Each structure stands twice: as structure tokens, then as C-alpha cells.
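Structure file entry36.txt; described as compact mmCIF, C-alpha atoms.
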# COMPACT_ATOMS: atom_id res chain seq x y z
CA MET A 1 257.58 218.08 30.83
CA PRO A 2 260.54 220.42 30.23
CA GLY A 3 261.47 221.06 26.61
CA PRO A 4 264.84 220.03 25.18
CA LEU A 5 266.09 223.62 25.41
CA GLU A 6 264.85 224.34 28.93
CA GLY A 7 267.40 226.58 30.65
CA LYS A 8 269.04 227.60 27.37
CA VAL A 9 269.29 231.21 26.23
CA ALA A 10 269.03 232.26 22.58
CA LEU A 11 269.37 235.52 20.70
CA VAL A 12 267.49 235.74 17.42
CA ALA A 13 268.80 238.88 15.75
CA GLY A 14 266.23 240.00 13.21
CA ALA A 15 263.15 238.29 14.65
CA THR A 16 260.42 240.74 13.70
CA ARG A 17 258.91 238.58 10.96
CA GLY A 18 259.62 235.79 8.50
CA ALA A 19 262.21 233.14 9.32
CA GLY A 20 263.43 235.01 12.38
CA ARG A 21 259.99 234.97 13.96
CA GLY A 22 259.46 231.30 13.09
CA ILE A 23 262.82 230.39 14.62
CA ALA A 24 262.17 232.38 17.78
CA VAL A 25 258.77 230.74 18.31
CA GLU A 26 260.12 227.22 17.83
CA LEU A 27 263.02 227.87 20.22
CA GLY A 28 260.43 229.04 22.71
CA ALA A 29 258.34 225.94 22.13
CA ALA A 30 261.41 223.91 23.09
CA GLY A 31 261.63 225.82 26.39
CA ALA A 32 264.32 228.40 25.66
CA THR A 33 264.51 231.99 26.81
CA VAL A 34 264.67 233.92 23.56
CA TYR A 35 265.84 237.51 23.12
CA VAL A 36 264.30 238.86 19.93
CA THR A 37 265.59 241.97 18.21
CA GLY A 38 264.67 244.22 15.34
CA ARG A 39 263.78 247.81 14.53
CA SER A 40 260.00 247.48 14.25
CA THR A 41 258.28 248.03 17.58
CA ARG A 42 254.78 248.91 18.68
CA ALA A 43 255.98 252.47 19.14
CA ARG A 44 257.91 252.84 15.90
CA ARG A 45 258.09 251.06 12.55
CA SER A 46 261.22 250.59 10.47
CA GLU A 47 261.37 251.73 6.85
CA TYR A 48 259.58 248.49 5.95
CA ASP A 49 256.47 250.18 7.38
CA ARG A 50 254.85 246.84 8.19
CA PRO A 51 252.68 245.85 11.16
CA GLU A 52 254.84 243.06 12.60
CA THR A 53 256.75 244.00 15.77
CA ILE A 54 259.36 242.41 18.00
CA GLU A 55 256.96 242.67 20.93
CA ASP A 56 254.50 240.50 19.00
CA THR A 57 257.26 237.98 18.36
CA ALA A 58 258.20 237.91 22.04
CA ASP A 59 254.56 237.30 22.99
CA LEU A 60 254.42 234.38 20.53
CA VAL A 61 257.58 232.91 22.05
CA THR A 62 256.07 233.07 25.53
CA ALA A 63 252.76 231.64 24.34
CA ALA A 64 254.65 228.72 22.77
CA GLY A 65 256.11 227.79 26.14
CA GLY A 66 259.36 229.73 26.38
CA ARG A 67 260.18 233.22 27.55
CA GLY A 68 260.31 235.95 24.92
CA VAL A 69 262.21 239.16 25.57
CA ALA A 70 261.94 241.96 23.01
CA VAL A 71 264.90 244.33 22.76
CA PRO A 72 264.73 247.05 20.07
CA THR A 73 268.13 246.99 18.36
CA ASP A 74 269.70 248.48 15.26
CA HIS A 75 272.38 245.92 14.45
CA LEU A 76 274.30 248.48 12.39
CA ASP A 77 275.00 250.34 15.64
CA PRO A 78 277.87 248.61 17.48
CA SER A 79 277.08 250.38 20.74
CA ALA A 80 273.47 249.16 20.61
CA VAL A 81 274.57 245.59 19.96
CA ARG A 82 277.12 245.78 22.77
CA ALA A 83 274.39 247.02 25.12
CA LEU A 84 272.13 244.15 24.01
CA VAL A 85 274.78 241.54 24.77
CA ASP A 86 275.61 243.21 28.10
CA ARG A 87 271.94 242.99 29.02
CA ILE A 88 271.80 239.28 28.17
CA ASP A 89 274.93 238.73 30.24
CA ASP A 90 273.53 240.69 33.20
CA GLU A 91 270.16 238.93 33.10
CA GLN A 92 271.19 235.41 32.10
CA GLY A 93 274.96 235.07 32.40
CA ARG A 94 275.04 232.89 29.30
CA LEU A 95 274.21 232.67 25.60
CA ASP A 96 273.73 229.24 24.04
CA VAL A 97 272.34 230.03 20.59
CA LEU A 98 272.94 233.01 18.31
CA VAL A 99 270.81 233.25 15.17
CA ASN A 100 271.98 235.97 12.78
CA ASP A 101 268.87 236.58 10.68
CA ILE A 102 269.24 240.32 10.11
CA TRP A 103 268.25 241.27 6.57
CA GLY A 104 266.07 244.30 5.91
CA GLY A 105 266.78 244.37 2.19
CA GLU A 106 263.46 243.51 0.57
CA HIS A 107 262.96 247.02 -0.79
CA LEU A 108 266.59 247.55 -1.81
CA PHE A 109 267.27 245.11 -4.68
CA ALA A 110 266.08 245.03 -8.28
CA TRP A 111 265.60 241.73 -10.12
CA ASP A 112 267.90 240.95 -13.05
CA THR A 113 269.45 244.41 -12.98
CA PRO A 114 273.21 244.54 -13.69
CA VAL A 115 275.45 246.27 -11.18
CA TRP A 116 276.01 249.32 -13.41
CA GLU A 117 272.26 249.91 -13.69
CA HIS A 118 271.32 249.07 -10.09
CA ASP A 119 270.79 251.95 -7.68
CA LEU A 120 274.18 252.15 -5.99
CA ASP A 121 273.03 253.64 -2.70
CA LYS A 122 270.39 250.93 -2.31
CA GLY A 123 272.86 248.20 -3.22
CA LEU A 124 275.43 249.37 -0.70
CA ARG A 125 272.74 249.79 1.96
CA LEU A 126 271.65 246.20 1.28
CA LEU A 127 275.21 244.96 1.84
CA ARG A 128 275.49 246.88 5.09
CA LEU A 129 272.20 245.47 6.38
CA ALA A 130 272.86 241.91 5.26
CA VAL A 131 276.58 241.54 5.95
CA GLU A 132 277.90 244.25 8.26
CA THR A 133 275.13 243.65 10.80
CA HIS A 134 276.06 239.98 11.09
CA ALA A 135 279.72 240.83 11.64
CA ILE A 136 278.92 243.41 14.31
CA THR A 137 276.60 241.02 16.13
CA SER A 138 279.05 238.13 16.07
CA HIS A 139 281.87 240.38 17.25
CA HIS A 140 279.98 241.38 20.37
CA ALA A 141 277.99 238.18 21.09
CA LEU A 142 280.52 235.41 20.56
CA PRO A 143 282.59 235.99 23.71
CA LEU A 144 279.44 235.40 25.77
CA LEU A 145 278.47 232.36 23.69
CA LEU A 146 281.96 230.89 24.15
CA ARG A 147 281.78 231.16 27.94
CA ARG A 148 280.19 227.70 28.02
CA PRO A 149 281.00 224.80 25.66
CA GLY A 150 278.44 223.67 23.11
CA GLY A 151 277.25 227.04 21.77
CA LEU A 152 275.63 227.29 18.34
CA VAL A 153 275.71 230.09 15.76
CA VAL A 154 273.24 229.96 12.87
CA GLU A 155 273.88 232.28 9.93
CA MET A 156 270.61 232.62 8.01
CA THR A 157 270.82 233.06 4.26
CA ASP A 158 268.95 232.29 1.04
CA GLY A 159 270.21 229.29 -0.88
CA THR A 160 272.65 226.50 -0.12
CA ALA A 161 276.35 226.87 -0.91
CA GLU A 162 275.97 224.39 -3.76
CA TYR A 163 272.93 226.10 -5.26
CA ASN A 164 274.35 229.61 -4.97
CA ARG A 165 277.66 228.49 -6.44
CA ASP A 166 275.95 227.49 -9.66
CA THR A 167 273.03 229.94 -9.80
CA TYR A 168 272.86 233.70 -10.32
CA ARG A 169 270.73 234.98 -7.45
CA VAL A 170 268.52 237.93 -8.38
CA SER A 171 271.19 240.62 -8.87
CA PHE A 172 274.82 241.45 -8.09
CA PHE A 173 274.09 242.91 -4.65
CA TYR A 174 271.64 240.21 -3.59
CA ASP A 175 273.93 237.45 -4.85
CA LEU A 176 276.92 238.93 -3.04
CA ALA A 177 275.02 239.37 0.23
CA LYS A 178 273.69 235.82 0.40
CA SER A 179 276.99 234.27 -0.65
CA SER A 180 278.84 236.36 1.93
CA VAL A 181 276.69 234.98 4.72
CA LEU A 182 277.46 231.43 3.60
CA ARG A 183 281.16 232.19 3.82
CA MET A 184 280.69 233.84 7.22
CA ALA A 185 279.41 230.57 8.65
CA PHE A 186 282.42 228.74 7.25
CA ALA A 187 284.85 231.28 8.69
CA ILE A 188 283.15 231.49 12.09
CA GLY A 189 283.01 227.70 12.23
CA HIS A 190 286.77 227.62 11.66
CA GLU A 191 287.23 229.99 14.59
CA LEU A 192 284.66 228.41 16.92
CA GLY A 193 285.32 224.73 16.35
CA PRO A 194 288.56 224.48 18.35
CA ARG A 195 286.90 226.51 21.12
CA GLY A 196 284.00 224.10 21.61
CA ALA A 197 281.25 225.81 19.62
CA THR A 198 279.61 225.32 16.22
CA ALA A 199 278.59 227.61 13.37
CA VAL A 200 276.41 226.71 10.39
CA ALA A 201 274.74 228.45 7.49
CA LEU A 202 271.04 227.65 7.17
CA THR A 203 268.51 228.44 4.48
CA PRO A 204 264.77 227.92 4.39
CA GLY A 205 263.17 226.99 1.11
CA TRP A 206 260.51 229.11 -0.56
CA LEU A 207 259.29 230.83 2.57
CA ARG A 208 255.68 231.73 3.19
CA SER A 209 256.68 234.86 5.07
CA GLU A 210 254.24 237.64 5.82
CA ILE A 211 255.71 239.70 2.97
CA MET A 212 255.54 236.84 0.46
CA LEU A 213 251.93 236.03 1.33
CA ASP A 214 250.99 239.69 0.96
CA GLN A 215 252.69 239.86 -2.44
CA PHE A 216 250.57 236.95 -3.64
CA GLY A 217 247.40 238.34 -2.06
CA VAL A 218 246.82 235.31 0.17
CA GLY A 219 247.17 234.33 3.82
CA GLU A 220 248.50 231.22 5.49
CA SER A 221 245.03 229.68 5.58
CA ASN A 222 244.48 229.98 1.81
CA TRP A 223 248.04 230.10 0.44
CA ARG A 224 247.24 227.45 -2.15
CA ASP A 225 245.04 229.98 -3.93
CA ALA A 226 248.27 231.47 -5.28
CA LEU A 227 249.19 228.27 -7.14
CA GLU A 228 247.05 229.11 -10.16
CA ARG A 229 249.26 232.14 -10.76
CA VAL A 230 252.55 230.75 -9.36
CA PRO A 231 252.39 226.93 -9.61
CA HIS A 232 255.85 226.26 -8.17
CA PHE A 233 254.75 227.98 -4.94
CA ALA A 234 253.40 224.52 -4.09
CA ILE A 235 256.84 223.68 -2.66
CA SER A 236 256.71 226.58 -0.18
CA GLU A 237 257.06 226.19 3.57
CA THR A 238 256.11 228.07 6.73
CA PRO A 239 258.71 229.98 8.78
CA ARG A 240 258.18 227.45 11.56
CA TYR A 241 259.77 224.71 9.44
CA VAL A 242 263.19 226.35 9.47
CA GLY A 243 262.52 227.17 13.13
CA ARG A 244 262.25 223.47 13.81
CA ALA A 245 265.54 222.97 11.98
CA VAL A 246 267.27 225.44 14.31
CA THR A 247 265.71 223.83 17.38
CA ALA A 248 266.85 220.37 16.25
CA LEU A 249 270.39 221.65 15.77
CA ALA A 250 270.40 223.42 19.15
CA ALA A 251 269.22 220.27 20.92
CA ASP A 252 271.67 217.94 19.15
CA PRO A 253 274.61 216.94 21.39
CA GLN A 254 276.48 216.02 18.22
CA VAL A 255 275.82 219.32 16.44
CA ALA A 256 279.57 219.83 15.91
CA ARG A 257 279.36 217.35 13.02
CA TRP A 258 277.79 220.17 10.98
CA ASN A 259 280.39 222.81 11.83
CA GLY A 260 281.06 225.26 8.98
CA GLN A 261 278.56 223.58 6.67
CA SER A 262 275.70 224.90 4.55
CA LEU A 263 272.37 223.36 5.55
CA SER A 264 268.70 223.66 4.59
CA SER A 265 265.42 223.07 6.37
CA GLY A 266 264.41 220.47 3.80
CA GLY A 267 267.74 218.69 4.04
CA LEU A 268 267.68 218.50 7.84
CA ALA A 269 264.04 217.40 8.19
CA PRO A 270 264.61 213.71 7.42
CA VAL A 271 267.79 213.66 9.53
CA TYR A 272 266.06 214.95 12.66
CA GLY A 273 262.53 213.73 11.95
CA PHE A 274 260.70 217.07 12.08
CA THR A 275 257.99 218.28 9.69
CA ASP A 276 256.35 221.52 8.69
CA LEU A 277 253.11 222.49 10.43
CA ASP A 278 251.04 220.47 7.95
CA GLY A 279 253.06 217.30 8.52
CA SER A 280 254.93 217.52 5.21
CA ARG A 281 258.68 217.81 4.58
CA PRO A 282 259.18 220.17 1.64
CA ASP A 283 262.66 219.90 0.10
CA ALA A 284 262.66 223.13 -1.86
CA TRP A 285 266.28 223.27 -3.03
CA ARG A 286 266.21 219.79 -4.53
CA TYR A 287 262.91 220.73 -6.17
CA MET A 288 264.40 223.94 -7.58
CA VAL A 289 267.23 222.06 -9.25
CA GLU A 290 265.28 219.05 -10.48
CA VAL A 291 261.93 220.64 -11.39
CA GLN A 292 261.66 224.42 -11.46
CA ASP A 293 265.03 225.47 -12.87
CA VAL A 294 264.93 222.92 -15.69
CA GLY A 295 261.49 224.07 -16.82
CA LYS A 296 259.40 221.09 -15.78
CA PRO A 297 255.75 221.63 -14.84
CA ALA A 298 255.06 222.14 -11.16
CA ASP A 299 254.72 218.80 -9.39
CA VAL A 300 255.77 218.41 -5.76
CA THR A 301 255.28 214.65 -5.71
CA GLY A 302 258.28 213.22 -3.90
CA TYR A 303 259.46 216.65 -2.75
CA ARG A 304 257.24 217.33 0.26

Target encoding C-alpha cells, full file:
Amino acid sequence: MPGPLEGKVALVAGATRGAGRGIAVELGAAGATVYVTGRSTRARRSEYDRPETIEDTADLVTAAGGRGVAVPTDHLDPSAVRALVDRIDDEQGRLDVLVNDIWGGEHLFAWDTPVWEHDLDKGLRLLRLAVETHAITSHHALPLLLRRPGGLVVEMTDGTAEYNRDTYRVSFFYDLAKSSVLRMAFAIGHELGPRGATAVALTPGWLRSEIMLDQFGVGESNWRDALERVPHFAISETPRYVGRAVTALAADPQVARWNGQSLSSGGLAPVYGFTDLDGSRPDAWRYMVEVQDVGKPADVTGYR
């Protein structure tokens, strides 16, 4: 049977790994054609110097039931992004879903380091990668998305608007980047709403990305081995969970009800009825506030 997104076209900008890859695969599983972009290819790695590639992501999309198309793209290069959108227009004539998941800042921020002590070049590079890329991509992609009514833009960030309002996030540059993306979704929603499209900000919870698993010395099959060292990691989720959130939004004929809002995978799961791959529904941001941040012992009972 055709999936709920059969015939739809999506662009997941920043789909090499992590949430972007999980989103791309789930959109494919729903039947969409998914253009996946990033700077890490089988021929050349980005400065991350990691093994994941956009070609691998595209293959996973196709294996899931959609059609994955890998397009190497530096989203800081307006001409490259314009060429990407022109290609989508030439090949598909439409764009139904834009996911702005470009990040690339894992190696650029320092924890709990004040702005005057933080490496300035790295901080400014982080802002360019996390904020400027999203603006460039929206600038070039939104005219195509607006060609048909019902388009969806998902701005991926870390933390809900409520949580980030009240919580210092890592460092000045990290905090500013993630808060800026939240505001982008609000602003784009204001501009898209009257034109028949929707924009939202979306955050996963504690993501079991490839990088996070490597940092803890575990894999997806044995991730619970990390709990002895990091007990609160018990609330973590796979990248496919937030992918299912995006797919649910993209398939919702009433998605405009969320326009301009800040959403989370855990918050949307009970609304749309999806689960993580293990059948659970981790609600990480509620857990952070009610358990982790107030110093209670790790206990995910009632939170997943």
C-alpha cells in the first residue's frame, strides 16, 4: 500500500547523520522522495572526519521504501544551495517538506566557557554553520515550497522554547545558536502562514546519535551499558523517533495548527500515536525539568 507521503518531495538539509538521517529515513518509509544533503560523501569527508556519508543516508531512505537522492551541498554557499533547489525543481517540480537540520558544530563549542574565554573564531564559525546556513537554505527553497499549498518547514534545534528560555545551554555561542533557530521557526511561520504553509521548530530529546554513542563507547544494540556511567542516559531516544515526529507532521492535514510553535518528539508522540523503535515514548524534556535538573536519581518511570 502507498505510504502517507507517497508523491511528496522532501529536502533534509544536513542529513549525513544523527537526527537528519533519522528524519530522512522515516520520510522515506512513508513513501516520500527525499533529497539529502551534507558535506560528507564517499569521496570526501568534512572536518568532522567521520564515516557517515550522504550516499549512505540516501541508500537507507530507498531501502525504507522511499527514494533517496544524495546531493553534496555546502549550505554556507548560496550558489550551491540555489543549484540544489534548481535541481529539485527540474527533477520534481515541487517541494513539500523542508527540514533545516544543518549543524556541524560539535567540535566548535566548549562547555561552561564564558564568551570572553571561548575561542572566538570557533564560536563565530558555529553561528555561521548553525544559523546562516538555515537562512540561506530557506531563502532559496521557500519559493519552491510555496508553489503548492500545504508545505511544511521544520527547523531542527536542541531544546524547546520554554526549556531554553529558562536554562543556560552549554555556552554563549551554543545557547545563541539554538535559541536563534527557535526564533527562525516563529518568524518563518509568520511569513508562511498567510501563504498556505507551516513552519515549526522541533527538538529531539537526548539523542542516541552516532557521535553520542561513540562518546559513550557503546552502540545502538548495547546503549544501556552506558547507564552505569551516565544514569540519566536512560531517557535517550533514537534518531528515528524525531523522524517519526516529522513524518506525522508532514502527513497531518491540520498541521497548520502548529504554525510557529516549538515542538518536541516526546511531546508529539502521544498526539500522533507514534513510538520509538523499541515501542516506548521517551519524553526527555519533561524528564529533564522534573528529574535530572532538580538532582533526583535517574528513574524513567512514567517518562518513556

Considering all atoms listed in the file, tabulate each residue of stretch 138-236 of chain A that lies at most 6 Å from stretch 82-102 of chain A along with its nearest interatomic pair and the corresponding distance in Å to one decimal; arrange the rows by chain and ascending residue number and present them as CSV.
residue,atom,partner,partner_atom,distance
A:His140,CA,A:Arg82,CA,5.8
A:Ala141,CA,A:Val85,CA,5.9
A:Leu144,CA,A:Leu95,CA,5.9
A:Leu145,CA,A:Leu95,CA,4.7
A:Gly151,CA,A:Asp96,CA,4.7
A:Leu152,CA,A:Val97,CA,4.8
A:Val153,CA,A:Leu98,CA,4.8
A:Val154,CA,A:Val99,CA,4.7
A:Glu155,CA,A:Asn100,CA,5.0
A:Met156,CA,A:Asp101,CA,5.1

query = So, counting only C-alpha atoms, which residue among A:Leu5, A:Leu192, A:Leu182, A:Ile235 is closest to A:Gly31?
reply =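 So, comparing all the options, the nearest one is A:Leu5.
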
Could you name the residues that touch A:Pro204 at 6 Å or less, counting all atoms listed in the file, but leaving out those on the same chain fewer than 3 positions away, as an mmCIF file with C-alpha atoms, keeping the file's coordinate frame?
data_model
loop_
_atom_site.group_PDB
_atom_site.id
_atom_site.type_symbol
_atom_site.label_atom_id
_atom_site.label_comp_id
_atom_site.auth_asym_id
_atom_site.auth_seq_id
_atom_site.Cartn_x
_atom_site.Cartn_y
_atom_site.Cartn_z
ATOM 1 C CA VAL A 242 263.190 226.350 9.470
ATOM 2 C CA SER A 264 268.700 223.660 4.590
ATOM 3 C CA SER A 265 265.420 223.070 6.370
#

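Closest to A:Glu55 among A:His75, A:Lys178, A:Arg39, A:Lys296 is A:Arg39, based on only C-alpha atoms.
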
request  = Work out how far atom CA of A:Gly260 is from atom CA of A:Tyr168, in Å to one decimal.
outcome  =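 Interatomic distance here is 22.6 Å.
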
task = Between A:Glu26, A:Glu162, A:Asp112, A:Glu210, single out the one closest to A:Arg286, counting all atoms listed in the file.
result =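 Using all atoms listed in the file, the shortest distance to A:Arg286 belongs to A:Glu162.
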
Quick one: residues within 9 Å of stretch 13-20 of chain A, all atoms listed in the file counted, chain neighbours fewer than 3 positions away excluded, as an mmCIF file with C-alpha atoms, in the frame of the given file?
data_model
loop_
_atom_site.group_PDB
_atom_site.id
_atom_site.type_symbol
_atom_site.label_atom_id
_atom_site.label_comp_id
_atom_site.auth_asym_id
_atom_site.auth_seq_id
_atom_site.Cartn_x
_atom_site.Cartn_y
_atom_site.Cartn_z
ATOM 1 C CA ILE A 23 262.820 230.390 14.620
ATOM 2 C CA ALA A 24 262.170 232.380 17.780
ATOM 3 C CA VAL A 25 258.770 230.740 18.310
ATOM 4 C CA TYR A 35 265.840 237.510 23.120
ATOM 5 C CA VAL A 36 264.300 238.860 19.930
ATOM 6 C CA THR A 37 265.590 241.970 18.210
ATOM 7 C CA GLY A 38 264.670 244.220 15.340
ATOM 8 C CA ARG A 39 263.780 247.810 14.530
ATOM 9 C CA SER A 40 260.000 247.480 14.250
ATOM 10 C CA THR A 41 258.280 248.030 17.580
ATOM 11 C CA GLU A 52 254.840 243.060 12.600
ATOM 12 C CA THR A 53 256.750 244.000 15.770
ATOM 13 C CA ILE A 54 259.360 242.410 18.000
ATOM 14 C CA GLU A 55 256.960 242.670 20.930
ATOM 15 C CA ASP A 56 254.500 240.500 19.000
ATOM 16 C CA THR A 57 257.260 237.980 18.360
ATOM 17 C CA ALA A 58 258.200 237.910 22.040
ATOM 18 C CA THR A 73 268.130 246.990 18.360
ATOM 19 C CA HIS A 75 272.380 245.920 14.450
ATOM 20 C CA LEU A 98 272.940 233.010 18.310
ATOM 21 C CA VAL A 99 270.810 233.250 15.170
ATOM 22 C CA ASN A 100 271.980 235.970 12.780
ATOM 23 C CA ASP A 101 268.870 236.580 10.680
ATOM 24 C CA ILE A 102 269.240 240.320 10.110
ATOM 25 C CA TRP A 103 268.250 241.270 6.570
ATOM 26 C CA GLY A 104 266.070 244.300 5.910
ATOM 27 C CA HIS A 134 276.060 239.980 11.090
ATOM 28 C CA THR A 137 276.600 241.020 16.130
ATOM 29 C CA MET A 156 270.610 232.620 8.010
ATOM 30 C CA PRO A 204 264.770 227.920 4.390
ATOM 31 C CA LEU A 207 259.290 230.830 2.570
ATOM 32 C CA ARG A 208 255.680 231.730 3.190
ATOM 33 C CA SER A 209 256.680 234.860 5.070
ATOM 34 C CA GLU A 210 254.240 237.640 5.820
ATOM 35 C CA ILE A 211 255.710 239.700 2.970
ATOM 36 C CA THR A 238 256.110 228.070 6.730
ATOM 37 C CA PRO A 239 258.710 229.980 8.780
ATOM 38 C CA ARG A 240 258.180 227.450 11.560
ATOM 39 C CA TYR A 241 259.770 224.710 9.440
ATOM 40 C CA VAL A 242 263.190 226.350 9.470
ATOM 41 C CA GLY A 243 262.520 227.170 13.130
#

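The gap separating atom CA of A:Ala29 from atom CA of A:Leu60 is 9.4 Å, in Å to one decimal.
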
ask   = Using all atoms listed in the file, which of A:Glu132, A:Glu237, A:Asp175, A:Asp59 sits nearest A:Gly159?
value =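 Using all atoms listed in the file, A:Gly159 sits closest to A:Asp175.
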
key: Atom-to-atom span, atom CA of A:Tyr303 and atom CA of A:Val291, Å   = 9.8 Å

inquiry  = The residues within 10 Å of (279.0, 222.4, 9.6), using all atoms listed in the file and the coordinates of the file, should be reported as a list in words; which are they?
reply    = Ala185, Phe186, Gly189, His190, Gly193, Thr198, Ala199, Val200, Ala201, Leu202, Val255, Ala256, Arg257, Trp258, Asn259, Gly260, Gln261, Ser262 and Leu263 of chain A

ask   = Which residue gives the smallest distance to A:Asp252 among A:Pro114, A:Gly150, A:Pro72, A:Gly219, with only C-alpha atoms counted?
value =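 Ranking A:Pro114, A:Gly150, A:Pro72, A:Gly219 by distance to A:Asp252, first place goes to A:Gly150.
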
inquiry  = I'd like to know which of A:Ile136, A:Ala248, A:Ala234, A:Val69 is closest to A:Ser280, using all atoms listed in the file.
reply    =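 Smallest distance to A:Ser280 is found for A:Ala234.
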
key: Shell of 10 Å around A:Val230, all atoms listed in the file, local chain residues under 6 positions omitted, as a PyMOL selection string   = chain A and resi 216+224+298

message = So that I can see what lies close to A:Tyr287, please list as an NGL selection string the residues with an atom at most 10 Å from it, counting only C-alpha atoms and leaving out residues fewer than 2 positions away in the same chain.
response = :A and (205 or 232 or 235 or 282-285 or 289-294 or 298-304)

Using the file's own x, y and z axes, so that the box edges lie along x, y and z, what centre and edge lengths in Å (one decimal) does a box around every listed atom of stretch 87-91 of chain A get when 5 Å is added on each side? Give it as JSON.
{"center_x": 272.5, "center_y": 240.9, "center_z": 30.7, "size_x": 14.8, "size_y": 14.3, "size_z": 15.0}
